[in-house]
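Enquirer: What follows is a single structure, and I will ask about it in a moment.
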Amino acid sequence: MAFAHIQPLYSLSGFFVGFLVGLTGVGGGSLMTPILVLLFRVHPATAVGTDLLYAAATKATGTLVHGMKGSVDWQVTLRLAAGSIPAATITLILLHRYGMDTPRAGRLISVVLGAALLVTALALVFRPQLAKLAGNRTRARGQGSTLLWTMLTGAILGVLVSLTSVGAGAIGVTVLLLLYPKLPTTRIVGSDVAHAVPLTLLAGAGHWLLGSIDWPMLLSLLIGSLPGIVIGSMLASRAPDKLLRNLLAATLTLVGVRLVLA
């Protein structure tokens, strides 16, 4: 692909989102897809499809890092995937059957995306309280119950991610904190990141087959985001976590309301 197809504004947006992802750990879909839809007026289906492959590339890098550090619980990852992969497949089949490029489909994706952003904002604000609540829980959940709830969580994430590219980050981590209170946070984050790779790759491939991938835009986003993630990760330890979380939550709330009411 020729460099003439690289679009600087997309690369700049990719750098901005990558920087925030590295700084805060918030999933790129929560930020990138709304930017593409609201700022660049990209069709919601194209924005979601392109962002899914963008997320697969960035999450694969993150999984490699977490895997080398030993911070992935593969049992948790497989449990999530057991629910998310079938759910994503069914969602993609339904999208293929009912069409992606119609105004009705675009509206549905925008509304679900807005709702997912609102849930993500709540997850960001209340994550410390939920983590504390989970840590103080003395009664252990049964293994069978934990397995079923993890698979159900994966199924919900599979639908959300396939429709909106949002959910595999903040929402997934928050639920896992409640389901696995004894698991260190780093392993929860690593397991969630590892799970996002096959999910976003499958959903992105499905959108590719549906024709909703803009390849020049994807390349432009990756050129900006990869160095952004590196720089953000290097500065993460110096960032005021609570302030950043609340600012991101406020931003996601405004964007979510805008998408739902548009």
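If you're wondering about the labels, chains in the structure tokens are A, B, ... by order shown, residues count from 1 in each chain, ligands from 1 in order shown.
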Just the residues within 8 Å of segment 111-124 of chain A, please, counting only C-alpha atoms, with nothing from its chain fewer than 4 positions along; format it as a VMD selection string.
Expert: chain A and resid 30 107 160 163 to 164 166 to 167 170 to 171 174 245 to 246 248 to 250 252 to 253 255 to 261
Enquirer: Between A:Val159, A:Leu254, A:Ile6, A:Met68, which has the minimum distance to Leu95 of chain A (counting only C-alpha atoms)?
Expert: A:Val159
Enquirer: Do a neighbour search on Trp149 of chain A at 10 Å with only C-alpha atoms, toss out local chain neighbours closer than 2 positions, and write the hits as a ChimeraX atom specification.
Expert: /A:79-80,83,143-147,151-155,175-176,179
Enquirer: Filtering to N, CA and C atoms, could you give me those residues as an mmCIF file, in the first residue's frame?
Expert:
```cif
data_model
loop_
_atom_site.group_PDB
_atom_site.id
_atom_site.type_symbol
_atom_site.label_atom_id
_atom_site.label_comp_id
_atom_site.auth_asym_id
_atom_site.auth_seq_id
_atom_site.Cartn_x
_atom_site.Cartn_y
_atom_site.Cartn_z
ATOM 1 N N ARG A 79 -12.007 -19.381 29.507
ATOM 2 C CA ARG A 79 -13.402 -19.323 29.946
ATOM 3 C C ARG A 79 -14.141 -18.166 29.270
ATOM 4 N N LEU A 80 -13.495 -17.016 29.212
ATOM 5 C CA LEU A 80 -14.103 -15.869 28.534
ATOM 6 C C LEU A 80 -14.317 -16.178 27.052
ATOM 7 N N GLY A 83 -17.302 -18.222 25.892
ATOM 8 C CA GLY A 83 -18.565 -17.504 25.746
ATOM 9 C C GLY A 83 -18.536 -16.491 24.626
ATOM 10 N N GLN A 143 -16.885 -23.015 42.131
ATOM 11 C CA GLN A 143 -16.163 -23.098 40.858
ATOM 12 C C GLN A 143 -17.118 -23.153 39.673
ATOM 13 N N GLY A 144 -18.194 -23.948 39.815
ATOM 14 C CA GLY A 144 -19.161 -24.042 38.726
ATOM 15 C C GLY A 144 -19.838 -22.722 38.458
ATOM 16 N N SER A 145 -20.202 -22.010 39.514
ATOM 17 C CA SER A 145 -20.845 -20.706 39.359
ATOM 18 C C SER A 145 -19.905 -19.698 38.713
ATOM 19 N N THR A 146 -18.655 -19.705 39.140
ATOM 20 C CA THR A 146 -17.670 -18.787 38.566
ATOM 21 C C THR A 146 -17.457 -19.070 37.086
ATOM 22 N N LEU A 147 -17.397 -20.355 36.731
ATOM 23 C CA LEU A 147 -17.235 -20.740 35.324
ATOM 24 C C LEU A 147 -18.395 -20.221 34.476
ATOM 25 N N MET A 151 -18.226 -17.317 31.526
ATOM 26 C CA MET A 151 -18.651 -17.579 30.154
ATOM 27 C C MET A 151 -19.764 -16.623 29.725
ATOM 28 N N LEU A 152 -20.689 -16.322 30.651
ATOM 29 C CA LEU A 152 -21.752 -15.362 30.346
ATOM 30 C C LEU A 152 -21.172 -13.981 30.096
ATOM 31 N N THR A 153 -20.192 -13.596 30.911
ATOM 32 C CA THR A 153 -19.505 -12.324 30.696
ATOM 33 C C THR A 153 -18.858 -12.296 29.318
ATOM 34 N N GLY A 154 -18.189 -13.406 28.952
ATOM 35 C CA GLY A 154 -17.578 -13.495 27.634
ATOM 36 C C GLY A 154 -18.606 -13.355 26.522
ATOM 37 N N ALA A 155 -19.772 -13.981 26.698
ATOM 38 C CA ALA A 155 -20.820 -13.908 25.671
ATOM 39 C C ALA A 155 -21.312 -12.467 25.494
ATOM 40 N N VAL A 175 -15.703 -6.662 35.689
ATOM 41 C CA VAL A 175 -16.442 -7.882 36.030
ATOM 42 C C VAL A 175 -15.496 -8.951 36.560
ATOM 43 N N LEU A 176 -14.321 -9.079 35.950
ATOM 44 C CA LEU A 176 -13.364 -10.085 36.415
ATOM 45 C C LEU A 176 -12.877 -9.798 37.835
ATOM 46 N N LEU A 179 -15.492 -11.375 39.925
ATOM 47 C CA LEU A 179 -15.552 -12.831 39.834
ATOM 48 C C LEU A 179 -14.318 -13.509 40.420
#
```
Enquirer: Residues near Ala196 of chain A, anyone? I mean within 7 Å using only C-alpha atoms, not counting same-chain ones fewer than 4 positions away, as a PyMOL selection string.
Expert: chain A and resi 59+168+192+200
Enquirer: With only C-alpha atoms as the basis for distance, which of A:His195, A:His207, A:Arg104, A:Lys242 is at the shortest distance from Val76 of chain A?
Expert: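 Between A:His195, A:His207, A:Arg104, A:Lys242, the residue approaching Val76 of chain A most closely is A:His195.
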Enquirer: Please identify all polymer residues within 7 Å of segment 227-234 of chain A, counting only C-alpha atoms, omitting same-chain residues fewer than 6 positions from it, and present them as a JSON list (two decimals) with N, CA and C atoms, in the first residue's frame.
Expert:
```
[["chain", "number", "residue", "atom", "x", "y", "z"],
["A", 15, "PHE", "N", -2.28, 8.37, 17.45],
["A", 15, "PHE", "CA", -1.27, 8.67, 18.46],
["A", 15, "PHE", "C", -1.94, 9.09, 19.78],
["A", 16, "PHE", "N", -2.95, 9.95, 19.68],
["A", 16, "PHE", "CA", -3.66, 10.44, 20.86],
["A", 16, "PHE", "C", -4.31, 9.28, 21.62],
["A", 18, "GLY", "N", -3.61, 6.00, 21.31],
["A", 18, "GLY", "CA", -2.57, 5.10, 21.78],
["A", 18, "GLY", "C", -1.90, 5.60, 23.04],
["A", 19, "PHE", "N", -1.64, 6.91, 23.08],
["A", 19, "PHE", "CA", -1.03, 7.53, 24.26],
["A", 19, "PHE", "C", -1.92, 7.34, 25.49],
["A", 20, "LEU", "N", -3.23, 7.58, 25.34],
["A", 20, "LEU", "CA", -4.15, 7.43, 26.47],
["A", 20, "LEU", "C", -4.30, 5.97, 26.89],
["A", 21, "VAL", "N", -4.28, 5.07, 25.92],
["A", 21, "VAL", "CA", -4.36, 3.64, 26.24],
["A", 21, "VAL", "C", -3.13, 3.22, 27.03],
["A", 22, "GLY", "N", -1.96, 3.64, 26.60],
["A", 22, "GLY", "CA", -0.74, 3.33, 27.34],
["A", 22, "GLY", "C", -0.72, 3.95, 28.72],
["A", 23, "LEU", "N", -1.32, 5.15, 28.82],
["A", 23, "LEU", "CA", -1.31, 5.90, 30.08],
["A", 23, "LEU", "C", -2.31, 5.34, 31.08]]
```
Enquirer: Using the chain letters and numbers from this document, which residues of segment 89-206 of chain A does DSSP assign to helix (DSSP H, G or I), as an NGL selection string?
Expert: :A and (89-98 or 103-136 or 143-164 or 170-179 or 185-206)
Enquirer: Deliver the residues from the most recent selection as a file, using C-alpha atoms, as a short mmCIF file (atom, residue, chain, number, x, y, z; two decimals), in the first residue's frame.
Expert:
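That gives us again-v5.cif:
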```cif
data_model
loop_
_atom_site.label_atom_id
_atom_site.label_comp_id
_atom_site.auth_asym_id
_atom_site.auth_seq_id
_atom_site.Cartn_x
_atom_site.Cartn_y
_atom_site.Cartn_z
CA THR A 89 -19.96 -15.52 15.54
CA ILE A 90 -23.75 -15.41 15.93
CA THR A 91 -23.72 -11.60 16.03
CA LEU A 92 -21.68 -11.42 12.83
CA ILE A 93 -24.03 -13.87 11.09
CA LEU A 94 -27.00 -11.69 12.07
CA LEU A 95 -25.20 -8.56 10.85
CA HIS A 96 -24.55 -10.28 7.54
CA ARG A 97 -28.19 -11.36 7.27
CA TYR A 98 -29.74 -7.99 8.04
CA PRO A 103 -29.33 3.70 8.05
CA ARG A 104 -31.17 1.43 10.48
CA ALA A 105 -28.04 -0.64 11.12
CA GLY A 106 -25.93 2.49 11.54
CA ARG A 107 -28.42 3.85 14.07
CA LEU A 108 -28.47 0.57 16.00
CA ILE A 109 -24.68 0.48 16.18
CA SER A 110 -24.56 4.13 17.34
CA VAL A 111 -27.11 3.54 20.12
CA VAL A 112 -25.44 0.35 21.37
CA LEU A 113 -22.05 2.08 21.17
CA GLY A 114 -23.35 5.01 23.22
CA ALA A 115 -24.81 2.67 25.85
CA ALA A 116 -21.53 0.70 26.00
CA LEU A 117 -19.61 3.94 26.56
CA LEU A 118 -21.91 4.89 29.45
CA VAL A 119 -21.37 1.48 31.07
CA THR A 120 -17.61 1.86 30.50
CA ALA A 121 -17.69 5.27 32.21
CA LEU A 122 -19.45 3.76 35.24
CA ALA A 123 -16.93 0.92 35.32
CA LEU A 124 -14.06 3.43 35.34
CA VAL A 125 -15.54 5.56 38.14
CA PHE A 126 -16.52 2.73 40.45
CA ARG A 127 -13.73 0.23 39.70
CA PRO A 128 -11.75 0.98 42.92
CA GLN A 129 -14.89 0.58 45.06
CA LEU A 130 -15.84 -2.65 43.29
CA ALA A 131 -12.32 -4.00 43.64
CA LYS A 132 -12.38 -3.20 47.37
CA LEU A 133 -15.79 -4.83 47.74
CA ALA A 134 -14.56 -7.95 45.96
CA GLY A 135 -11.41 -8.04 48.08
CA ASN A 136 -13.42 -7.86 51.31
CA GLN A 143 -16.16 -23.10 40.86
CA GLY A 144 -19.16 -24.04 38.73
CA SER A 145 -20.84 -20.71 39.36
CA THR A 146 -17.67 -18.79 38.57
CA LEU A 147 -17.23 -20.74 35.32
CA LEU A 148 -20.80 -20.01 34.18
CA TRP A 149 -20.61 -16.30 35.09
CA THR A 150 -17.27 -15.97 33.31
CA MET A 151 -18.65 -17.58 30.15
CA LEU A 152 -21.75 -15.36 30.35
CA THR A 153 -19.50 -12.32 30.70
CA GLY A 154 -17.58 -13.50 27.63
CA ALA A 155 -20.82 -13.91 25.67
CA ILE A 156 -21.97 -10.37 26.52
CA LEU A 157 -18.54 -9.00 25.58
CA GLY A 158 -18.67 -10.96 22.31
CA VAL A 159 -21.92 -9.24 21.31
CA LEU A 160 -20.79 -5.79 22.46
CA VAL A 161 -17.39 -5.97 20.80
CA SER A 162 -18.79 -7.28 17.51
CA LEU A 163 -21.37 -4.47 17.39
CA THR A 164 -19.35 -1.58 18.80
CA ALA A 170 -12.85 -1.52 31.20
CA ILE A 171 -16.06 -3.56 31.39
CA GLY A 172 -14.29 -6.91 31.17
CA VAL A 173 -11.70 -6.03 33.81
CA THR A 174 -14.35 -4.69 36.21
CA VAL A 175 -16.44 -7.88 36.03
CA LEU A 176 -13.36 -10.08 36.42
CA LEU A 177 -12.41 -8.18 39.56
CA LEU A 178 -15.74 -9.24 41.06
CA LEU A 179 -15.55 -12.83 39.83
CA THR A 185 -5.07 -7.15 39.34
CA THR A 186 -2.13 -7.47 36.96
CA ARG A 187 -3.20 -11.02 36.06
CA ILE A 188 -6.81 -9.91 35.60
CA VAL A 189 -5.71 -7.16 33.22
CA GLY A 190 -3.34 -9.51 31.40
CA SER A 191 -6.02 -12.19 31.05
CA ASP A 192 -8.51 -9.64 29.73
CA VAL A 193 -6.02 -8.30 27.19
CA ALA A 194 -5.18 -11.85 26.02
CA HIS A 195 -8.88 -12.65 25.62
CA ALA A 196 -9.39 -9.51 23.52
CA VAL A 197 -6.96 -10.75 20.83
CA PRO A 198 -8.96 -13.69 19.43
CA LEU A 199 -12.23 -11.83 20.00
CA THR A 200 -11.25 -8.67 18.14
CA LEU A 201 -9.46 -10.70 15.46
CA LEU A 202 -12.57 -12.83 14.84
CA ALA A 203 -14.92 -9.84 14.90
CA GLY A 204 -12.55 -7.84 12.69
CA ALA A 205 -12.30 -10.70 10.19
CA GLY A 206 -16.08 -10.90 10.15
#
```
Enquirer: So the first atom is atom CA of Ser220 of chain A and the second is atom CA of Leu9 of chain A; what is the distance between them in Å, to one decimal place?
Expert: 8.4 Å
Enquirer: Have a look at atom CA of Ala87 of chain A and atom CA of Gly49 of chain A and let me know their distance in Å, one decimal.
Expert: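 Separating atom CA of Ala87 of chain A from atom CA of Gly49 of chain A is a distance of 16.6 Å.
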Enquirer: Work out how far atom CA of Leu226 of chain A is from atom CA of Gly70 of chain A, in Å to one decimal.
Expert: 22.5 Å
Enquirer: Of the candidates A:Leu53, A:Leu12, A:Leu31, A:Leu36, which one gets nearest to Leu218 of chain A if we count only C-alpha atoms?
Expert: A:Leu53
Enquirer: Find the residues near Val42 of chain A: any atom within 12 Å, counting only C-alpha atoms, skip ones fewer than 2 places away on the same chain, and give them as a PyMOL selection string.
Expert: chain A and resi 10+32-40+44-51+101+106+110+212-214+217
Enquirer: Could you write out that same residue set with C-alpha atoms as a PDB file, in the first residue's frame?
Expert:
```pdb
ATOM      1  CA  TYR A  10      -5.986   9.666  11.373  1.00  0.00           C
ATOM      2  CA  MET A  32     -11.196   5.452  18.754  1.00  0.00           C
ATOM      3  CA  THR A  33     -14.618   4.402  17.473  1.00  0.00           C
ATOM      4  CA  PRO A  34     -16.419   7.517  18.818  1.00  0.00           C
ATOM      5  CA  ILE A  35     -13.694   9.738  17.333  1.00  0.00           C
ATOM      6  CA  LEU A  36     -14.139   8.124  13.921  1.00  0.00           C
ATOM      7  CA  VAL A  37     -17.942   8.354  14.074  1.00  0.00           C
ATOM      8  CA  LEU A  38     -18.382  11.821  15.564  1.00  0.00           C
ATOM      9  CA  LEU A  39     -15.276  13.705  14.433  1.00  0.00           C
ATOM     10  CA  PHE A  40     -14.536  12.154  11.040  1.00  0.00           C
ATOM     11  CA  PRO A  44     -20.506   3.388  12.323  1.00  0.00           C
ATOM     12  CA  ALA A  45     -20.071  -0.038  10.684  1.00  0.00           C
ATOM     13  CA  THR A  46     -16.799   1.000   9.003  1.00  0.00           C
ATOM     14  CA  ALA A  47     -15.560   2.653  12.200  1.00  0.00           C
ATOM     15  CA  VAL A  48     -16.269  -0.484  14.241  1.00  0.00           C
ATOM     16  CA  GLY A  49     -14.779  -2.902  11.691  1.00  0.00           C
ATOM     17  CA  THR A  50     -11.590  -0.889  11.199  1.00  0.00           C
ATOM     18  CA  ASP A  51     -11.183  -0.338  14.933  1.00  0.00           C
ATOM     19  CA  ASP A 101     -24.735  -0.330   5.539  1.00  0.00           C
ATOM     20  CA  GLY A 106     -25.933   2.495  11.540  1.00  0.00           C
ATOM     21  CA  SER A 110     -24.563   4.129  17.335  1.00  0.00           C
ATOM     22  CA  SER A 212     -16.642  -2.731   6.503  1.00  0.00           C
ATOM     23  CA  ILE A 213     -12.854  -2.245   6.740  1.00  0.00           C
ATOM     24  CA  ASP A 214     -11.070   0.894   5.549  1.00  0.00           C
ATOM     25  CA  MET A 217      -7.455   4.365   7.586  1.00  0.00           C
TER      26      MET A 217
END
```
